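Shown below: start_26.csv, with CSV, C-alpha atoms.
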chain,number,residue,atom,x,y,z
A,18,MET,CA,95.5,76.8,59.6
A,19,SER,CA,96.6,79.9,61.3
A,20,LEU,CA,96.5,78.5,64.8
A,21,PRO,CA,99.5,76.6,66.3
A,22,ASP,CA,99.3,72.8,66.5
A,23,GLY,CA,100.6,70.5,69.2
A,24,ASN,CA,100.2,71.1,72.9
A,25,ALA,CA,99.2,74.7,72.4
A,26,SER,CA,96.1,74.5,74.5
A,27,GLU,CA,97.9,72.9,77.4
A,28,ASP,CA,100.6,75.5,77.1
A,29,ASP,CA,97.9,78.2,77.0
A,30,SER,CA,96.6,77.1,80.4
A,31,GLN,CA,100.1,77.2,81.8
A,32,LEU,CA,100.6,80.7,80.4
A,33,VAL,CA,97.3,81.8,81.9
A,34,ALA,CA,98.4,80.4,85.3
A,35,SER,CA,101.7,82.2,85.1
A,36,ILE,CA,100.0,85.5,84.2
A,37,LEU,CA,97.6,85.2,87.1
A,38,GLU,CA,100.6,84.6,89.4
A,39,GLY,CA,102.0,87.9,88.2
A,40,ASP,CA,104.1,87.1,85.1
A,41,VAL,CA,102.6,89.8,82.8
A,42,ASN,CA,105.2,89.1,80.1
A,43,ALA,CA,103.7,85.6,79.6
A,44,TYR,CA,100.7,87.3,78.0
A,45,SER,CA,102.9,88.3,75.0
A,46,THR,CA,103.1,84.7,73.9
A,47,LEU,CA,99.3,84.4,73.9
A,48,VAL,CA,99.0,87.7,71.9
A,49,LEU,CA,101.6,86.5,69.4
A,50,ARG,CA,99.9,83.2,69.1
A,51,TYR,CA,96.4,84.5,68.4
A,52,GLN,CA,96.8,88.0,67.1
A,53,GLY,CA,96.4,86.8,63.5
A,54,ALA,CA,93.1,85.1,64.1
A,55,ILE,CA,91.6,87.9,66.1
A,56,PHE,CA,92.8,90.6,63.8
A,57,ASN,CA,91.4,88.8,60.8
A,58,LEU,CA,88.1,88.3,62.6
A,59,MET,CA,88.0,92.1,63.2
A,60,TYR,CA,88.9,92.8,59.6
A,61,ARG,CA,86.1,90.6,58.3
A,62,MET,CA,83.7,92.4,60.7
A,63,THR,CA,84.7,96.0,59.9
A,64,ASP,CA,86.5,95.8,56.5
A,65,SER,CA,88.9,98.4,57.9
A,66,TYR,CA,92.5,97.8,58.7
A,67,GLU,CA,92.6,100.6,61.3
A,68,ASP,CA,89.4,99.5,63.0
A,69,ALA,CA,90.5,95.9,63.0
A,70,GLY,CA,93.8,96.8,64.7
A,71,ASP,CA,92.0,98.8,67.4
A,72,LEU,CA,89.4,96.2,68.0
A,73,ALA,CA,92.0,93.4,68.2
A,74,GLN,CA,94.0,95.4,70.7
A,75,GLU,CA,90.9,96.1,72.8
A,76,THR,CA,90.0,92.4,72.7
A,77,PHE,CA,93.3,91.3,74.0
A,78,ILE,CA,93.2,94.0,76.8
A,79,LYS,CA,89.6,92.9,77.7
A,80,ALA,CA,90.7,89.3,77.8
A,81,TYR,CA,93.5,90.2,80.1
A,82,GLU,CA,91.2,92.0,82.5
A,83,GLN,CA,88.8,89.0,82.5
A,84,LEU,CA,91.5,86.4,82.7
A,85,TYR,CA,90.6,85.4,86.3
A,86,ARG,CA,87.3,84.2,84.9
A,87,PHE,CA,88.9,81.8,82.5
A,88,GLN,CA,88.1,78.3,83.7
A,89,ARG,CA,91.0,75.9,84.1
A,90,GLY,CA,90.7,72.9,81.7
A,91,LYS,CA,89.0,75.0,79.0
A,92,LYS,CA,90.7,76.0,75.8
A,93,PHE,CA,91.9,79.6,75.6
A,94,PHE,CA,91.2,80.3,72.0
A,95,PRO,CA,87.5,79.7,71.9
A,96,TRP,CA,87.2,81.8,75.1
A,97,LEU,CA,89.2,84.6,73.5
A,98,TYR,CA,87.2,84.4,70.3
A,99,THR,CA,83.9,84.8,72.2
A,100,ILE,CA,85.2,88.0,73.7
A,101,GLY,CA,86.3,89.2,70.3
A,102,LEU,CA,83.0,88.3,68.7
A,103,ASN,CA,81.0,90.1,71.3
A,104,HIS,CA,83.3,93.1,71.2
A,105,ALA,CA,83.0,93.3,67.4
A,106,ARG,CA,79.2,93.0,67.6
A,107,ASN,CA,79.1,95.8,70.1
A,108,PHE,CA,81.3,98.0,67.9
A,109,LEU,CA,79.2,97.4,64.9
A,110,ARG,CA,76.0,98.0,66.8
A,111,HIS,CA,77.3,101.2,68.2
A,112,ASN,CA,78.5,102.4,64.9
A,113,LYS,CA,75.2,101.3,63.1
A,114,ARG,CA,77.3,99.3,60.7
A,115,ILE,CA,75.9,95.9,61.6
A,116,GLN,CA,74.0,94.1,58.8
A,117,TRP,CA,71.3,92.2,60.5
A,118,VAL,CA,70.7,89.3,58.1
A,119,SER,CA,68.1,87.0,59.6
A,120,LEU,CA,69.2,83.4,59.6
A,121,GLU,CA,65.6,82.5,58.7
A,122,ASP,CA,65.7,84.8,55.7
A,123,CYS,CA,68.8,83.2,54.5
A,124,ALA,CA,67.0,80.1,53.3
A,125,ILE,CA,69.0,77.3,51.8
A,126,ASP,CA,68.1,76.9,48.2
A,127,SER,CA,70.6,74.2,47.5
A,128,GLU,CA,71.8,71.2,49.4
A,129,LEU,CA,75.4,70.0,49.5
A,130,ASP,CA,74.5,66.6,48.1
A,131,HIS,CA,72.7,67.7,45.0
A,132,PRO,CA,74.4,66.6,41.8
A,133,GLY,CA,74.9,68.7,38.7
A,134,GLN,CA,77.3,69.5,36.0
A,135,GLN,CA,77.6,73.0,37.3
A,136,GLU,CA,79.8,71.8,40.2
A,137,GLU,CA,82.6,70.7,38.0
A,138,ASN,CA,82.7,74.1,36.3
A,139,ILE,CA,82.5,75.9,39.7
A,140,CYS,CA,85.3,73.8,41.1
A,141,ALA,CA,87.5,74.7,38.2
A,142,LYS,CA,86.8,78.4,38.4
A,143,LEU,CA,86.7,79.0,42.1
A,144,ASP,CA,89.3,81.4,43.4
A,145,TYR,CA,90.0,83.1,46.7
A,146,ALA,CA,88.6,86.4,45.6
A,147,GLN,CA,85.2,84.8,44.9
A,148,LEU,CA,85.4,82.8,48.1
A,149,HIS,CA,86.1,86.0,50.1
A,150,GLU,CA,83.3,87.8,48.5
A,151,ALA,CA,80.9,84.9,49.0
A,152,LEU,CA,81.9,84.6,52.7
A,153,ASN,CA,81.2,88.3,53.2
A,154,GLN,CA,77.6,87.8,51.9
A,155,LEU,CA,76.9,85.2,54.5
A,156,PRO,CA,75.3,86.2,57.8
A,157,LEU,CA,77.9,86.8,60.5
A,158,ASP,CA,77.1,83.6,62.5
A,159,TYR,CA,77.3,81.3,59.5
A,160,ARG,CA,80.5,82.9,58.3
A,161,GLU,CA,82.3,82.7,61.6
A,162,ALA,CA,81.1,79.2,62.2
A,163,LEU,CA,82.7,78.2,58.9
A,164,ILE,CA,85.9,80.1,59.6
A,165,LEU,CA,86.3,78.6,63.1
A,166,ARG,CA,85.6,75.1,61.8
A,167,TYR,CA,87.5,74.9,58.6
A,168,HIS,CA,90.1,77.8,58.8
A,169,GLU,CA,91.0,77.7,62.5
A,170,GLY,CA,90.4,73.9,62.6
A,171,LEU,CA,88.3,73.9,65.8
A,172,SER,CA,86.3,70.9,66.8
A,173,MET,CA,82.5,71.3,66.8
A,174,ASP,CA,82.5,71.5,70.6
A,175,GLU,CA,85.0,74.3,70.4
A,176,VAL,CA,83.0,76.1,67.7
A,177,ALA,CA,79.9,75.8,69.9
A,178,GLU,CA,81.9,77.2,72.9
A,179,ALA,CA,83.4,80.1,70.9
A,180,MET,CA,80.0,81.1,69.6
A,181,THR,CA,78.1,80.4,72.8
A,182,LEU,CA,75.8,77.9,71.1
A,183,LYS,CA,74.7,74.4,71.8
A,184,LEU,CA,76.5,71.7,69.9
A,185,SER,CA,73.5,70.9,67.7
A,186,ALA,CA,73.1,74.6,66.9
A,187,ALA,CA,76.8,74.9,66.0
A,188,LYS,CA,76.6,71.9,63.7
A,189,MET,CA,73.6,73.4,62.0
A,190,ARG,CA,75.4,76.7,61.5
A,191,VAL,CA,78.3,75.0,59.9
A,192,HIS,CA,76.1,72.8,57.7
A,193,ARG,CA,73.8,75.5,56.6
A,194,GLY,CA,76.7,78.0,56.2
A,195,LEU,CA,78.4,75.6,53.9
A,196,ALA,CA,75.3,75.0,51.9
A,197,LYS,CA,74.6,78.7,51.6
A,198,LEU,CA,78.2,79.5,50.6
A,199,ARG,CA,77.9,76.9,47.9
A,200,ASP,CA,74.7,78.4,46.7
A,201,ILE,CA,76.2,81.9,46.5
A,202,LEU,CA,79.2,80.6,44.6
A,203,GLU,CA,77.0,78.7,42.1
A,204,ARG,CA,74.8,81.7,41.5
A,205,LYS,CA,77.8,83.9,40.9
A,206,GLN,CA,79.3,81.4,38.5
A,207,ASN,CA,76.0,81.0,36.6
A,208,GLY,CA,75.7,84.7,36.2
A,209,LYS,CA,79.2,85.0,34.8
A,210,ASP,CA,78.6,82.2,32.4
A,211,ARG,CA,75.5,83.8,31.1
A,212,THR,CA,77.3,87.0,30.5
B,1,MET,CA,94.1,71.1,66.5
B,2,GLU,CA,92.2,67.9,65.8
B,3,LYS,CA,91.8,66.5,62.4
B,4,ILE,CA,88.7,67.6,60.6
B,5,GLU,CA,86.5,64.6,59.9
B,6,PRO,CA,84.1,64.8,57.0
B,7,GLU,CA,80.5,65.3,58.1
B,8,GLU,CA,79.0,64.6,54.7
B,9,PRO,CA,79.4,61.9,52.1
B,10,TYR,CA,82.3,62.8,49.8
B,11,ASP,CA,81.3,65.8,47.7
B,12,GLU,CA,84.0,67.3,45.5
B,13,MET,CA,82.4,70.8,45.6
B,14,ALA,CA,82.0,70.8,49.4
B,15,ASP,CA,85.4,69.4,49.9
B,16,ARG,CA,87.0,72.0,47.7
B,17,ILE,CA,85.2,74.8,49.5
B,18,LYS,CA,86.4,73.5,52.9
B,19,THR,CA,90.0,73.2,51.6
B,20,MET,CA,89.9,76.8,50.2
B,21,ILE,CA,88.6,78.1,53.5
B,22,ARG,CA,91.3,76.3,55.3
B,23,LYS,CA,94.0,77.7,53.0
B,24,MET,CA,92.4,81.1,52.7
B,25,PRO,CA,95.1,83.8,52.9
B,26,GLN,CA,95.1,86.0,56.0
B,27,ILE,CA,96.0,89.6,56.5
B,28,GLU,CA,99.0,90.2,58.7
B,29,PRO,CA,98.2,92.0,61.8
B,30,PRO,CA,99.9,95.4,62.4
B,31,VAL,CA,103.3,95.2,63.9
B,32,ARG,CA,102.3,97.7,66.6
B,33,LEU,CA,99.5,95.4,67.9
B,34,LEU,CA,101.7,93.3,70.3
B,35,PRO,CA,103.6,96.3,71.9
B,36,ALA,CA,100.4,98.3,72.2
B,37,VAL,CA,98.6,95.4,74.0
B,38,MET,CA,101.6,94.7,76.3
B,39,GLU,CA,102.0,98.3,77.2
B,40,ALA,CA,98.4,98.5,78.2
B,41,VAL,CA,98.3,95.3,80.2
B,42,LYS,CA,101.5,96.1,82.1
B,43,ALA,CA,99.7,99.1,83.5
B,44,LYS,CA,97.0,96.8,84.7
B,45,SER,CA,98.9,94.1,86.6
B,46,VAL,CA,96.8,91.5,88.4
B,47,PRO,CA,95.7,92.7,91.8
B,48,LEU,CA,97.6,91.2,94.8
B,49,TRP,CA,94.4,89.9,96.4
B,50,LEU,CA,93.6,88.0,93.2
B,51,ARG,CA,97.1,86.4,93.2
B,52,ALA,CA,96.7,85.5,96.9
B,53,TYR,CA,93.2,84.0,96.2
B,54,ARG,CA,94.6,81.9,93.3
B,55,TRP,CA,97.6,80.8,95.4
B,56,ALA,CA,95.3,79.8,98.2
B,57,ARG,CA,93.1,77.7,95.9
B,58,SER,CA,95.9,76.0,94.1
B,59,PRO,CA,96.9,72.5,95.3
B,60,ARG,CA,100.4,72.2,96.7
B,61,SER,CA,102.5,69.5,98.5
B,62,VAL,CA,103.7,70.1,102.1
B,63,THR,CA,106.9,68.5,103.4
B,64,PHE,CA,108.2,68.4,106.9
B,65,SER,CA,111.8,68.1,108.0
B,66,LEU,CA,113.3,68.3,111.5
B,67,LEU,CA,114.6,71.8,110.7
B,68,HIS,CA,111.1,72.9,109.9
B,69,LEU,CA,109.5,71.0,112.8
B,70,VAL,CA,111.7,72.4,115.6
B,71,PRO,CA,110.9,76.1,115.1
B,72,ALA,CA,107.3,75.2,114.5
B,73,MET,CA,107.0,73.3,117.8
B,74,ALA,CA,108.8,76.1,119.6
B,75,LEU,CA,106.3,78.6,118.1
B,76,CYS,CA,103.4,76.3,119.2
B,77,ALA,CA,104.8,76.1,122.8
B,78,LEU,CA,105.2,79.8,122.9
B,79,LEU,CA,101.7,80.4,121.8
B,80,VAL,CA,100.4,77.9,124.4
B,81,CYS,CA,102.3,79.6,127.2
B,82,ALA,CA,101.1,83.0,126.1
B,83,ALA,CA,97.5,81.7,126.1
B,84,LEU,CA,97.8,80.1,129.5
B,85,PHE,CA,99.4,83.3,130.9
B,86,GLN,CA,96.6,85.4,129.5
B,87,HIS,CA,94.0,82.9,130.8
B,88,GLY,CA,95.6,83.2,134.3
B,89,ARG,CA,95.6,86.9,134.1
B,90,GLU,CA,92.0,87.0,133.1
B,91,ASN,CA,90.9,84.7,135.9
B,92,ARG,CA,92.8,86.7,138.4
B,93,ASN,CA,91.3,89.9,137.2
B,94,ILE,CA,87.7,88.7,137.6
B,95,THR,CA,88.1,87.3,141.1
B,96,LEU,CA,85.7,89.2,143.3
B,97,ALA,CA,87.9,88.4,146.3
B,98,GLU,CA,90.3,90.9,145.0
B,99,SER,CA,87.8,93.5,144.2
B,100,GLY,CA,87.6,94.7,147.8
B,101,GLU,CA,83.9,94.4,147.9
B,102,SER,CA,82.6,93.1,151.3
B,103,ILE,CA,79.6,90.8,151.7
B,104,PRO,CA,77.7,90.8,155.0
B,105,VAL,CA,77.4,87.3,156.3
B,106,VAL,CA,75.3,86.3,159.4
B,107,LEU,CA,76.2,82.9,160.9
B,108,ALA,CA,73.5,81.6,163.2
B,109,VAL,CA,73.1,78.4,165.1
B,110,ASP,CA,70.3,77.2,167.5
B,111,MET,CA,72.0,76.1,170.7
B,112,PRO,CA,69.5,76.7,173.5
B,113,ASP,CA,71.5,74.7,176.1
B,114,ALA,CA,74.9,76.3,175.4
B,115,HIS,CA,76.6,78.7,177.7
B,116,SER,CA,79.0,80.2,175.2
B,117,VAL,CA,79.3,79.9,171.4
B,118,GLN,CA,82.2,81.2,169.4
B,119,VAL,CA,83.1,81.0,165.7
B,120,VAL,CA,86.6,80.2,164.3
B,121,GLY,CA,87.5,80.1,160.7
B,122,SER,CA,89.9,81.0,157.9
B,123,PHE,CA,88.3,84.5,157.9
B,124,ASN,CA,89.6,85.3,161.4
B,125,ASN,CA,92.8,83.2,161.3
B,126,TRP,CA,91.0,80.6,163.6
B,127,VAL,CA,91.0,83.1,166.5
B,128,PRO,CA,87.7,82.5,168.4
B,129,GLN,CA,85.2,85.2,167.9
B,130,PRO,CA,82.2,85.3,170.3
B,131,CYS,CA,78.7,85.0,169.0
B,132,SER,CA,75.9,86.9,170.7
B,133,LEU,CA,72.8,85.3,172.1
B,134,ASN,CA,69.4,86.3,170.6
B,135,LYS,CA,66.2,85.1,172.1
B,136,ASP,CA,63.2,85.8,169.8
B,137,ASN,CA,59.8,84.2,169.7
B,138,GLY,CA,60.9,81.3,172.0
B,139,SER,CA,64.0,80.4,169.9
B,140,THR,CA,67.6,80.7,171.2
B,141,ARG,CA,70.0,81.6,168.5
B,142,TRP,CA,73.7,82.4,168.6
B,143,THR,CA,74.6,84.8,165.8
B,144,VAL,CA,77.6,86.6,164.6
B,145,THR,CA,77.8,89.1,161.7
B,146,LEU,CA,80.9,89.2,159.5
B,147,GLN,CA,82.0,91.4,156.6
B,148,LEU,CA,83.7,89.0,154.2
B,149,GLN,CA,85.0,89.4,150.7
B,150,ALA,CA,84.0,86.8,148.0
B,151,GLY,CA,85.9,83.6,148.3
B,152,ARG,CA,86.0,80.2,149.9
B,153,TYR,CA,86.1,79.9,153.7
B,154,GLU,CA,86.2,77.2,156.3
B,155,TYR,CA,84.8,77.7,159.8
B,156,ALA,CA,83.4,75.9,162.8
B,157,PHE,CA,81.6,76.8,166.0
B,158,LEU,CA,83.1,76.3,169.4
B,159,VAL,CA,80.1,75.4,171.6
B,160,ASP,CA,81.2,75.6,175.2
B,161,GLY,CA,84.7,75.1,173.9
B,162,LYS,CA,83.8,72.0,171.8
B,163,HIS,CA,84.5,72.1,168.0
B,164,MET,CA,81.3,71.7,166.0
B,165,PRO,CA,80.6,72.3,162.3
B,166,HIS,CA,77.5,74.1,161.3
B,167,PRO,CA,74.8,71.5,161.7
B,168,HIS,CA,72.8,72.5,158.6
B,169,ALA,CA,75.6,73.2,156.2
B,170,GLU,CA,75.8,71.6,152.8
B,171,PHE,CA,79.6,71.2,152.5
B,172,TYR,CA,82.1,70.0,154.9
B,173,GLN,CA,85.9,69.7,154.9
B,174,ASP,CA,88.2,67.6,157.1
B,175,ASP,CA,90.7,69.7,159.0
B,176,GLY,CA,93.3,66.9,159.1
B,177,PHE,CA,93.0,66.6,162.8
B,178,GLY,CA,89.9,64.5,163.1
B,179,ASN,CA,87.4,67.4,162.9
B,180,GLN,CA,85.2,68.8,160.2
B,181,ASN,CA,84.8,72.4,159.2
B,182,THR,CA,81.9,73.9,157.4
B,183,VAL,CA,82.7,75.2,153.9
B,184,LEU,CA,81.4,78.7,153.0
B,185,ALA,CA,81.5,79.9,149.5
B,186,LEU,CA,80.8,83.5,148.6
B,187,GLY,CA,80.6,85.1,145.2
B,188,LYS,CA,80.2,83.6,141.7
B,189,GLU,CA,80.7,79.9,141.3
B,190,ASP,CA,83.5,80.4,138.8
B,191,ASP,CA,85.4,82.6,141.1
B,192,ILE,CA,85.6,80.3,144.0
What would the structure in this file look like if it were written as structure tokens?
Amino acid sequence: MSLPDGNASEDDSQLVASILEGDVNAYSTLVLRYQGAIFNLMYRMTDSYEDAGDLAQETFIKAYEQLYRFQRGKKFFPWLYTIGLNHARNFLRHNKRIQWVSLEDCAIDSELDHPGQQEENICAKLDYAQLHEALNQLPLDYREALILRYHEGLSMDEVAEAMTLKLSAAKMRVHRGLAKLRDILERKQNGKDRT
Amino acid sequence: MEKIEPEEPYDEMADRIKTMIRKMPQIEPPVRLLPAVMEAVKAKSVPLWLRAYRWARSPRSVTFSLLHLVPAMALCALLVCAALFQHGRENRNITLAESGESIPVVLAVDMPDAHSVQVVGSFNNWVPQPCSLNKDNGSTRWTVTLQLQAGRYEYAFLVDGKHMPHPHAEFYQDDGFGNQNTVLALGKEDDI
């Protein structure tokens, strides 16, 4: 996981309180703590190192300006991630680079619990390059739900909060995202095996 | 972060995908990201009113000690004195008696059998002032016209030399010598 463990969220709240009381330097701890996650989010969205750096910087500045709206008792990272997601969506929309893949169009052809000999082959051959490529083929909401849940290690409640969804909708995104990802990987593997 | 609990029955493929996502390598953010952010936010420090608002809303404990209490009480006493002084000044300022405005007052009493009627009061330092006799439409009235400023006065008639309060007055006051004087109030009720 890229995010810090332990009492980070409690510490985040204390840092936010310090910043609001005038300690601007306390913000550097939050930036250091979450710059990796936010930068990689932007990189996945833009596929550009330069754009990702700019968008990550703008996200942190935007979050700082909105810090007084941050509710005490909430976790900082999902709140920050929401700002980042919205900022990235606006950027892509403005630059006509967004790929609107309807969630309905992205029908799930396979389910996670279906058996088959193919699975063993896929498990053996799966590598990060394939995974990265498959993730990029997922609709944005499915992909980010999976990243938040399994890479950043957020709870379902936090995933829902970060993506401004209801809990049931967040669970569905994760479940269907996983099923779709698996479907894409299987198809890729089958195609390679045929060739 | 909390431990991820499996949401599906054990599935090797799904489990492997989840593990790979968890361990997926990340791209290092640019080194200039942190200094660029901090440089920008330092130019946008939190406004003073916002800090004051947050401070006012945050809970805090208050402790009292004698050293704190004495100056606080002294300050309270000073404020009370200042308020009383101001109150006194305001009252004095609105007293019509000091405004110099005269109010014409006619004192009249029906004494058909009297030979002489005089009036004494606080307005003439209890020096007898004669009343004039008026006979109109069969009535015999002794009257005197005074120019008085607003305020509270006491007076009485001397009918043939005998002390007598105004017979139809509403308010009387003992003079301390066994006699009663009539009380005359002129001006606003609050000023008297």
Proximity check chain A to chain B, 6 Å, nearest pairs one decimal Å, all atoms listed in the file, as JSON lines:
{"residue": "A:Asp22", "atom": "CA", "partner": "B:Met1", "partner_atom": "CA", "distance": 5.5}
{"residue": "A:Glu38", "atom": "CA", "partner": "B:Arg51", "partner_atom": "CA", "distance": 5.5}
{"residue": "A:Gly53", "atom": "CA", "partner": "B:Pro29", "partner_atom": "CA", "distance": 5.8}
{"residue": "A:Phe56", "atom": "CA", "partner": "B:Pro29", "partner_atom": "CA", "distance": 5.9}
{"residue": "A:Gln74", "atom": "CA", "partner": "B:Val37", "partner_atom": "CA", "distance": 5.7}
{"residue": "A:Tyr167", "atom": "CA", "partner": "B:Arg22", "partner_atom": "CA", "distance": 5.2}
{"residue": "A:His168", "atom": "CA", "partner": "B:Arg22", "partner_atom": "CA", "distance": 4.0}
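Between CA of Val70 (chain B) and CA of Ala82 (chain B) there is a distance of 18.3 Å.
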What does the distance from CA of Gln83 (chain A) to CA of Val48 (chain A) come to in Å, to one decimal?
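Interatomic distance, CA of Gln83 (chain A) to CA of Val48 (chain A): 14.8 Å.
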Within 7 Å of Leu146 (chain B), counting all atoms listed in the file, which residues qualify if same-chain residues fewer than 3 places away don't, as a PyMOL selection string?
chain B and resi 104-106
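The gap separating CA of Leu171 (chain A) from CA of Leu184 (chain A) is 12.7 Å, in Å to one decimal.
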List the spatial neighbours of Tyr159 (chain A) as number ranges by chain - criterion: any atom at most 8 Å away, only C-alpha atoms, same-chain residues fewer than 4 positions off excluded.
A: 155, 163, 190-191, 193-194
Residues of the last selection are to be written out with C-alpha atoms, as a PDB file, in the coordinates of the input.
ATOM      1  CA  LEU A 155      76.900  85.200  54.500  1.00  0.00           C
ATOM      2  CA  LEU A 163      82.700  78.200  58.900  1.00  0.00           C
ATOM      3  CA  ARG A 190      75.400  76.700  61.500  1.00  0.00           C
ATOM      4  CA  VAL A 191      78.300  75.000  59.900  1.00  0.00           C
ATOM      5  CA  ARG A 193      73.800  75.500  56.600  1.00  0.00           C
ATOM      6  CA  GLY A 194      76.700  78.000  56.200  1.00  0.00           C
TER       7      GLY A 194
END
Might you pull out every residue within 10 Å of Lys91 (chain A), with all atoms listed in the file counted and same-chain residues fewer than 2 positions away left off, and present them as a VMD selection string?
chain A and resid 26 to 27 29 to 30 87 to 89 93 to 96 175 178
Go through A:Gly101, A:Asp174, A:Asp200, A:Gly90 one by one, measure the shortest atom-to-atom distance of each to Ala186 (chain A) using all atoms listed in the file, and give the residue with the smallest value.
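Of A:Gly101, A:Asp174, A:Asp200, A:Gly90, the one nearest Ala186 (chain A) is A:Asp174, counting all atoms listed in the file.
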Quick one: residues within 7 Å of Val183 (chain B), all atoms listed in the file counted, chain neighbours fewer than 2 positions away excluded, as number ranges by chain?
B: 153-155, 171-173, 181, 185
Can you tell me, as a VMD selection string, which residues sit within 8 Å of (76.2, 84.9, 174.1) in the file's frame, using all atoms listed in the file?
chain B and resid 115 to 117 130 to 134 142
Rank nothing, just name the residue among B:Thr145, B:Gln118, B:Ala150, B:Leu107 nearest to Ala169 (chain B), using all atoms listed in the file.
B:Leu107
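Proximity of B:Ser122, B:Leu158, B:Gly138, B:Leu184 to Glu170 (chain B), computed with only C-alpha atoms, is greatest for B:Leu184.
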For Glu150 (chain A), find every residue with an atom within 10 Å (counting all atoms listed in the file), except residues of its own chain fewer than 5 positions away, and show them as an MDAnalysis selection string.
chainID A and resid 145 155 198 201:202
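Each of B:Leu84, B:Ser65, B:Met111, B:Gly187 was checked against Lys135 (chain B) using all atoms listed in the file; the smallest atom-to-atom distance is that of B:Met111.
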